[in-house]
Amino acid sequence: MKKWYLLGIRTQILAYYIAASVLIVGVMGVALFLSTTNIIRQEAANTTAMAIDKSGRQLEMYIEQLNGLSELLAHNPQVNRYFGGTFAEDGVSIEYRADVEALVETILETNQEIASIILIGADGRLITNEENLDMKFTGNIRDQSWYKAALGSNMPVLTSARMQEFSMDKDNWVISLGRELKDEQDQHIGVLRIDLRYDTIESILKDLNLGEQGYAFILNQNKQVVYHPNPEFFSQEDKQQELINVLEMEDGELSMEQMLIHRFALENTDWLLLGVASLDGVKRMQKDIIMVLGILASVMLLVALGSSSIFANSVTRPIRKLEKAMAKVEQGVMDTEVSVVGSAEIQSLSNHFQDMMNRIRDLMDEIRSKEQSLRASELKTLYSQINPHFLYNTLDTIVWLAEFGNMERVVSVSKAMARFFRLSLRGGSELTTVREELDHVRQYLFIQKERYQDKLAYEIVSDENLLDITIPKILLQPLVENSIYHGIRQLPGTGLIRITAARAENALLLSVKDNGIGFKTVDTIWQNSNTRLGGVGLKNVDERIRLYYGEGYGLVIRNDERGGVTVTLRLGIELVQK
C-alpha cells in the first residue's frame with residue numbers, strides 16, 4: 001500500500017472530499033442521535049412516571065376503600081357485642097352472630113373482588129365465608145403470622161401475595177388485610193382479615209404501557225413479592241434477586257438492556273410499586289437514524305466523487321506540465337522552459353521553477369563537498385586519536401615477554417595487537433558490525449590482561465541475533481580504556497570488566513560495567529573520561545553516536561553505589577546515515 005503523501009493530488013482531493021462528507025454525516029448523525037434519543041428518553045421517562053403514579057394512586061384508593069370496609073367491620077356494634085361478650089350459644093349471641101354474618105355476606109356481595117372475610121375472636125369464635133375453616137375455636141389460626149401482625153397495630157396490615165390453595169394458578173391467590181378488633185374499652189377481642197383477590201391488583205396494573213419488554217411489580221418493606229405478572233418470581237429465589245437489584249437502582253436509571261425505572265410508594269402501606277419500561281421507541285429511532293445516515297452518506301459520496309473529479313482536473317492539469325518539465329530535468333536537460341496557466345500559486349511556481357533549476361546544481365555541489373569534508377574530517381580525527389602510547393606499551397610487553405623466553409605469549413600478544421589495529425583501521429571504513437566491535441575490544445582486553453595479569457578480569461556477553469548489526473566502529477574500546485585507567489588500576493584487588501550487548505525495544509544497548517573505585521559525581525565522570533588515554537574520550541564517542549543516530553541516542557553513565565561505573569551506549573538498530 002502506498003504511503004499517503006505518495007498518492008496523486010487527484011486521489012488526495014477525492015479522499016479529502018469523502019472524508020469531509022463522512023465527517024459531516026457523522027457529526028450530524030451523532031448530534032441527531034443524541035438529541036433525539038434524549039428527547040424520546042425524557043418523554044418515555046415522563047410517560048412511565050405518569051402511568052406508574054396513576055396506577056399507584058388507583059391502588060391507594062382501592063386500599064383506602066378496603067381500610068374503610070375494615071373500619072366498618074372493626075367498629076360495628078354487632079361485631080363488638082358478639083366478640084366482646086361471653087362465649088355462650090344463647091339466643092342473644094346467636095342473634096348477634098346472625099347480624100354479623102349478614103353484614104359479611106352483604107360486603108361480599110357488593111365487593112366481588114373480596115375473596116373472603118375472617119373474623120376470629122380472642123376466645124376462638126370464628127365467622128367466615130371460607131367453608132374449609134372450622135367454625136369452632138381454632139388455635140392454629142391465631143398462631144399464624146398474619147394474626148400476630150395485626151395485634152397491637154393501629155393501622156391495617158397488608159400481606160404479600162399468598163395462595164388459598166397450593167397452586168401456581170393466580171386465580172387462587174389472595175392478598176390479605178388484617179386488623180385488630182377492640183371493644184369500647186380498647187381491649188383486644190379478636191382479629192379481622194379481608195382476603196383480596198390477587199387478580200384485582202392485576203386488573204389495575206394490566207393497562208400500564210411500559211413497552212414490549214416492560215413490566216410492573218410490587219414489593220413490601222421486607223422485599224417480598226406482592227405482585228408480579230410472572231408467577232415464577234414468587235417461587236424462584238434468583239428471579240426475586242433480580243427484582244431486588246432493580247429496587248436498588250435509582251429512578252430513571254438505564255440498564256444495559258435500555259430499561260427505564262420509576263417507583264411509587266403507596267401511602268398507608270409498606271408497598272412499593274416499581275415500573276420498568278423498555279425504551280422500544282429509542283431502539284426504533286436508532287434503526288431509522290442508521291438507515292437515514294446510510295442514504296445521506298451515499299448521496300454525499302456520489303456528489304463528492306463528481307465534484308472532486310472536476311476540481312482535481314483543474315488543479316492537476318498545470319501540475320502535470322510541471323511534472324513533465326521536471327522529468328526532463330532528471331534526464332539532464334537543465335534549460336527546460338515551462339509556462340503554465342492556472343491558479344496564482346501554480347503560475348508563481350512556474351515562474352520560480354527556472355531559477356530553482358539554475359541553483360540546484362550549485363547547491364548539490366556545495367552539499368556534496370561539505371559531506372566529503374565532514375567524512376574526511378571524522379576519519380582523520382578517528383585515526384589520529386589512536387594513541388601511540390598503547391602501541392608503545394604493547395611493544396614493551398612483547399619485549400618483556402621475549403626477554404623471559406615466553407614465546408607463546410609473545411605470539412599471542414602480537415596476533416592480538418595485529419588484529420586490534422586491523423579492526424581499528426578496517427580499510428578506512430567508518431562502520432563495522434557488533435561482532436567485529438566486540439572482537440576489537442576483546443583483542444584490546446587480551447593485551448591489557450597480559451600487562452596487568454591477575455589484576456584484570458573480563459567477560460563479554462552478547463545476543464547472537466545482534467552480532468550482524470552495523471554500527472560506527474571504535475565505540476567500546478574508549479569505554480574499556482576509561483574503566484581500566486580510572487577505575488580498576490587503582491584497586492587493591494582484581495578488577496572485573498563486563499561487556500554486554502542487548503536489545504531494548506528499537507534500540508541496541510552496549511554496556512561496559514566495572515567494579516572500580518567509581519566517581520563521586522557524574523560530572524566528575526565526564527570530566528575525567530574526556531581525557532584521551534589511549535583512544536577517543538567518552539564525549540567524543542557520545543558526539544559521534546548523536547551524529548549517526550540523532551537525539552535520543554548516546555551515552556548513559558551511572559555511578560554504582562557499591563563501587564564501579566556502568567556506561568551504556570544507546571544505539572539505533574539501523575543507521576540513520578550510511
# chains A, B, ... in the order shown; residues from 1 in each chain; ligands from 1
$ residues_around --residues "range 286-303 of chain A" --least-positions-apart "6" --cutoff "12 Å" --atoms "only C-alpha atoms" --output "PyMOL selection string"
chain A and resi 14-38+40+279-280+309-310
$ write_last_selection --atoms "C-alpha atoms" --output "mmCIF file, in the first residue's frame"
data_model
loop_
_atom_site.group_PDB
_atom_site.id
_atom_site.type_symbol
_atom_site.label_atom_id
_atom_site.label_comp_id
_atom_site.auth_asym_id
_atom_site.auth_seq_id
_atom_site.Cartn_x
_atom_site.Cartn_y
_atom_site.Cartn_z
ATOM 1 C CA LEU A 14 -11.103 12.773 -3.698
ATOM 2 C CA ALA A 15 -10.148 11.289 -0.341
ATOM 3 C CA TYR A 16 -10.478 14.694 1.376
ATOM 4 C CA TYR A 17 -13.927 15.198 -0.106
ATOM 5 C CA ILE A 18 -15.041 11.758 1.000
ATOM 6 C CA ALA A 19 -13.521 12.204 4.459
ATOM 7 C CA ALA A 20 -15.214 15.596 4.849
ATOM 8 C CA SER A 21 -18.530 14.143 3.739
ATOM 9 C CA VAL A 22 -18.230 11.232 6.136
ATOM 10 C CA LEU A 23 -17.232 13.615 8.931
ATOM 11 C CA ILE A 24 -20.216 15.884 8.286
ATOM 12 C CA VAL A 25 -22.607 12.963 8.140
ATOM 13 C CA GLY A 26 -21.029 11.507 11.271
ATOM 14 C CA VAL A 27 -21.278 14.752 13.242
ATOM 15 C CA MET A 28 -24.841 15.331 12.087
ATOM 16 C CA GLY A 29 -25.740 11.728 12.824
ATOM 17 C CA VAL A 30 -24.246 11.824 16.315
ATOM 18 C CA ALA A 31 -25.953 15.134 17.086
ATOM 19 C CA LEU A 32 -29.265 13.882 15.735
ATOM 20 C CA PHE A 33 -28.899 10.592 17.528
ATOM 21 C CA LEU A 34 -28.060 12.182 20.881
ATOM 22 C CA SER A 35 -30.720 14.874 20.726
ATOM 23 C CA THR A 36 -33.471 12.560 19.503
ATOM 24 C CA THR A 37 -32.521 9.841 21.951
ATOM 25 C CA ASN A 38 -32.536 12.315 24.809
ATOM 26 C CA ILE A 40 -37.516 10.253 23.437
ATOM 27 C CA LEU A 279 -37.362 2.028 25.504
ATOM 28 C CA ASP A 280 -38.681 0.443 22.321
ATOM 29 C CA SER A 309 -13.177 14.872 -10.113
ATOM 30 C CA ILE A 310 -13.940 18.214 -11.799
#
$ residues_around --residues "range 421-423 of chain A" --least-positions-apart "4" --cutoff "9 Å" --atoms "only C-alpha atoms" --output "MDAnalysis selection string"
chainID A and resid 416:417 427 432 436:437 439:440 473:474
$ write_last_selection --atoms "C-alpha atoms" --output "PDB file, in the first residue's frame"
ATOM      1  CA  ALA A 416      46.065  -9.721  19.239  1.00  0.00           C
ATOM      2  CA  MET A 417      47.790  -6.394  18.521  1.00  0.00           C
ATOM      3  CA  GLY A 427      40.204  -0.457   5.259  1.00  0.00           C
ATOM      4  CA  THR A 432      31.715  -2.137  11.474  1.00  0.00           C
ATOM      5  CA  GLU A 436      33.773  -7.121  14.919  1.00  0.00           C
ATOM      6  CA  GLU A 437      33.375  -4.345  17.522  1.00  0.00           C
ATOM      7  CA  ASP A 439      36.214  -8.772  18.734  1.00  0.00           C
ATOM      8  CA  HIS A 440      38.093  -5.468  18.605  1.00  0.00           C
ATOM      9  CA  LYS A 473      33.473   1.490  14.916  1.00  0.00           C
ATOM     10  CA  ILE A 474      35.712   2.073  17.940  1.00  0.00           C
TER      11      ILE A 474
END
$ residues_around --residues "Thr397 in chain A" --least-positions-apart "5" --cutoff "12 Å" --atoms "only C-alpha atoms" --output "PDB file with C-alpha atoms, in the first residue's frame"
ATOM      1  CA  PHE A 390      49.006   1.913  23.697  1.00  0.00           C
ATOM      2  CA  LEU A 391      51.246   0.728  20.879  1.00  0.00           C
ATOM      3  CA  TYR A 392      54.380   1.537  22.869  1.00  0.00           C
ATOM      4  CA  ALA A 402      60.587 -12.203  24.824  1.00  0.00           C
ATOM      5  CA  GLU A 403      63.343 -11.491  27.342  1.00  0.00           C
ATOM      6  CA  PHE A 404      61.835 -14.116  29.634  1.00  0.00           C
ATOM      7  CA  ASN A 406      57.790 -16.851  26.841  1.00  0.00           C
ATOM      8  CA  MET A 407      57.418 -17.100  23.089  1.00  0.00           C
ATOM      9  CA  ARG A 409      52.638 -15.328  24.929  1.00  0.00           C
ATOM     10  CA  VAL A 410      54.751 -13.183  22.583  1.00  0.00           C
ATOM     11  CA  VAL A 411      52.964 -14.727  19.610  1.00  0.00           C
ATOM     12  CA  SER A 412      49.519 -14.378  21.257  1.00  0.00           C
ATOM     13  CA  VAL A 413      50.036 -10.708  22.135  1.00  0.00           C
ATOM     14  CA  SER A 414      51.466  -9.944  18.686  1.00  0.00           C
ATOM     15  CA  MET A 417      47.790  -6.394  18.521  1.00  0.00           C
ATOM     16  CA  ILE A 447      46.579  -7.371  25.525  1.00  0.00           C
ATOM     17  CA  GLN A 448      45.760  -5.447  28.729  1.00  0.00           C
ATOM     18  CA  LYS A 449      45.289  -8.746  30.533  1.00  0.00           C
ATOM     19  CA  GLU A 450      48.837  -9.714  29.555  1.00  0.00           C
ATOM     20  CA  ARG A 451      50.071  -6.461  31.089  1.00  0.00           C
ATOM     21  CA  TYR A 452      48.044  -6.484  34.309  1.00  0.00           C
ATOM     22  CA  GLN A 453      47.824 -10.268  34.799  1.00  0.00           C
TER      23      GLN A 453
END
$ atom_distance --atom1 "CA of Gly178 in chain A" --atom2 "CA of Leu119 in chain A"
9.9 Å
$ atom_distance --atom1 "CA of Ala325 in chain A" --atom2 "CA of Ser307 in chain A"
28.4 Å
$ residues_around --residues "Gln477 in chain A" --least-positions-apart "2" --cutoff "10 Å" --atoms "only C-alpha atoms" --output "list in words"
Ser424, Glu437, Leu438, His440, Val441, Arg442, Gln443, Tyr444, Leu445, Lys473, Ile474, Leu475, Leu479, Val480, Glu481, Asn482, Ser483, Val512, Gly534, Gly535 and Val536 of chain A
$ write_last_selection --atoms "C-alpha atoms" --output "PDB file, in the first residue's frame"
ATOM      1  CA  SER A 424      40.627  -0.310  14.091  1.00  0.00           C
ATOM      2  CA  GLU A 437      33.375  -4.345  17.522  1.00  0.00           C
ATOM      3  CA  LEU A 438      33.226  -6.970  20.282  1.00  0.00           C
ATOM      4  CA  HIS A 440      38.093  -5.468  18.605  1.00  0.00           C
ATOM      5  CA  VAL A 441      37.579  -4.777  22.303  1.00  0.00           C
ATOM      6  CA  ARG A 442      38.304  -8.455  23.081  1.00  0.00           C
ATOM      7  CA  GLN A 443      41.783  -8.111  21.497  1.00  0.00           C
ATOM      8  CA  TYR A 444      42.345  -4.925  23.481  1.00  0.00           C
ATOM      9  CA  LEU A 445      41.351  -6.615  26.755  1.00  0.00           C
ATOM     10  CA  LYS A 473      33.473   1.490  14.916  1.00  0.00           C
ATOM     11  CA  ILE A 474      35.712   2.073  17.940  1.00  0.00           C
ATOM     12  CA  LEU A 475      32.893   2.714  20.447  1.00  0.00           C
ATOM     13  CA  LEU A 479      34.904   2.915  27.454  1.00  0.00           C
ATOM     14  CA  VAL A 480      37.062  -0.064  28.465  1.00  0.00           C
ATOM     15  CA  GLU A 481      40.176   2.085  28.479  1.00  0.00           C
ATOM     16  CA  ASN A 482      38.411   4.589  30.738  1.00  0.00           C
ATOM     17  CA  SER A 483      37.416   1.770  33.146  1.00  0.00           C
ATOM     18  CA  VAL A 512      30.642  -1.606  29.907  1.00  0.00           C
ATOM     19  CA  GLY A 534      44.538   5.516  24.550  1.00  0.00           C
ATOM     20  CA  GLY A 535      41.777   6.430  22.175  1.00  0.00           C
ATOM     21  CA  VAL A 536      38.860   8.816  21.888  1.00  0.00           C
TER      22      VAL A 536
END
$ select_by_dssp --residues "range 147-332 of chain A" --states "strand (DSSP E)" --output "ChimeraX atom specification"
/A:157-158,162-163,173-182,188-197,215-219,225-227,259-265,272-278
$ write_last_selection --atoms "C-alpha atoms" --output "mmCIF file, in the first residue's frame"
data_model
loop_
_atom_site.group_PDB
_atom_site.id
_atom_site.type_symbol
_atom_site.label_atom_id
_atom_site.label_comp_id
_atom_site.auth_asym_id
_atom_site.auth_seq_id
_atom_site.Cartn_x
_atom_site.Cartn_y
_atom_site.Cartn_z
ATOM 1 C CA VAL A 157 -51.667 -4.746 57.990
ATOM 2 C CA LEU A 158 -51.218 -5.866 54.369
ATOM 3 C CA ARG A 162 -50.300 -15.944 49.194
ATOM 4 C CA MET A 163 -52.166 -18.995 47.959
ATOM 5 C CA TRP A 173 -54.090 -16.185 45.148
ATOM 6 C CA VAL A 174 -55.139 -13.513 47.608
ATOM 7 C CA ILE A 175 -53.623 -10.534 49.425
ATOM 8 C CA SER A 176 -54.791 -10.170 53.000
ATOM 9 C CA LEU A 177 -55.594 -7.100 55.057
ATOM 10 C CA GLY A 178 -55.506 -7.720 58.803
ATOM 11 C CA ARG A 179 -56.873 -5.552 61.621
ATOM 12 C CA GLU A 180 -57.185 -5.979 65.351
ATOM 13 C CA LEU A 181 -60.703 -5.940 66.896
ATOM 14 C CA LYS A 182 -61.119 -3.950 70.089
ATOM 15 C CA HIS A 188 -58.414 -6.898 72.378
ATOM 16 C CA ILE A 189 -61.392 -9.067 71.366
ATOM 17 C CA GLY A 190 -60.191 -10.571 68.070
ATOM 18 C CA VAL A 191 -58.760 -10.065 64.589
ATOM 19 C CA LEU A 192 -60.352 -9.255 61.229
ATOM 20 C CA ARG A 193 -58.845 -10.463 57.943
ATOM 21 C CA ILE A 194 -60.086 -9.490 54.486
ATOM 22 C CA ASP A 195 -58.685 -11.518 51.567
ATOM 23 C CA LEU A 196 -58.465 -9.501 48.361
ATOM 24 C CA ARG A 197 -58.358 -11.429 45.088
ATOM 25 C CA TYR A 215 -43.370 -4.761 33.473
ATOM 26 C CA ALA A 216 -44.517 -3.574 36.888
ATOM 27 C CA PHE A 217 -44.217 -5.279 40.261
ATOM 28 C CA ILE A 218 -44.819 -4.572 43.945
ATOM 29 C CA LEU A 219 -42.507 -5.329 46.878
ATOM 30 C CA VAL A 225 -43.023 -10.017 46.150
ATOM 31 C CA VAL A 226 -46.590 -8.721 46.468
ATOM 32 C CA TYR A 227 -47.332 -8.589 42.754
ATOM 33 C CA MET A 259 -34.773 -0.190 30.651
ATOM 34 C CA LEU A 260 -36.165 2.856 32.472
ATOM 35 C CA ILE A 261 -37.149 2.613 36.154
ATOM 36 C CA HIS A 262 -39.746 4.526 38.208
ATOM 37 C CA ARG A 263 -41.119 3.798 41.678
ATOM 38 C CA PHE A 264 -44.196 4.844 43.654
ATOM 39 C CA ALA A 265 -44.585 4.335 47.402
ATOM 40 C CA LEU A 272 -43.539 -0.041 46.768
ATOM 41 C CA LEU A 273 -44.780 -0.092 43.175
ATOM 42 C CA LEU A 274 -41.957 -0.229 40.605
ATOM 43 C CA GLY A 275 -42.351 0.176 36.873
ATOM 44 C CA VAL A 276 -39.660 -0.991 34.447
ATOM 45 C CA ALA A 277 -40.233 0.421 30.964
ATOM 46 C CA SER A 278 -38.390 -0.759 27.861
#
$ atom_distance --atom1 "CA of Glu60 in chain A" --atom2 "CA of Asp238 in chain A"
29.5 Å
$ closest_residue --among "A:Ile52, A:Ile488, A:Ile117, A:Val541" --to "Ser70 in chain A" --atoms "only C-alpha atoms"
A:Ile117
$ closest_residue --among "A:Thr566, A:Gln78, A:Val461, A:Gly516" --to "Ala98 in chain A" --atoms "only C-alpha atoms"
A:Gln78
$ closest_residue --among "A:Pro318, A:Glu574, A:Ile557, A:His486" --to "Thr433 in chain A" --atoms "only C-alpha atoms"
A:Glu574
$ residues_around --residues "range 545-555 of chain A" --least-positions-apart "5" --cutoff "10 Å" --atoms "only C-alpha atoms" --output "list in words"
Ile471, Pro472, Leu475, Ala507, Leu508, Leu509, Leu510, Ser511, Leu538, Lys539, Asn540, Val567, Thr568, Leu569, Arg570, Leu571, Gly572, Ile573, Glu574, Leu575, Val576, Gln577 and Lys578 of chain A
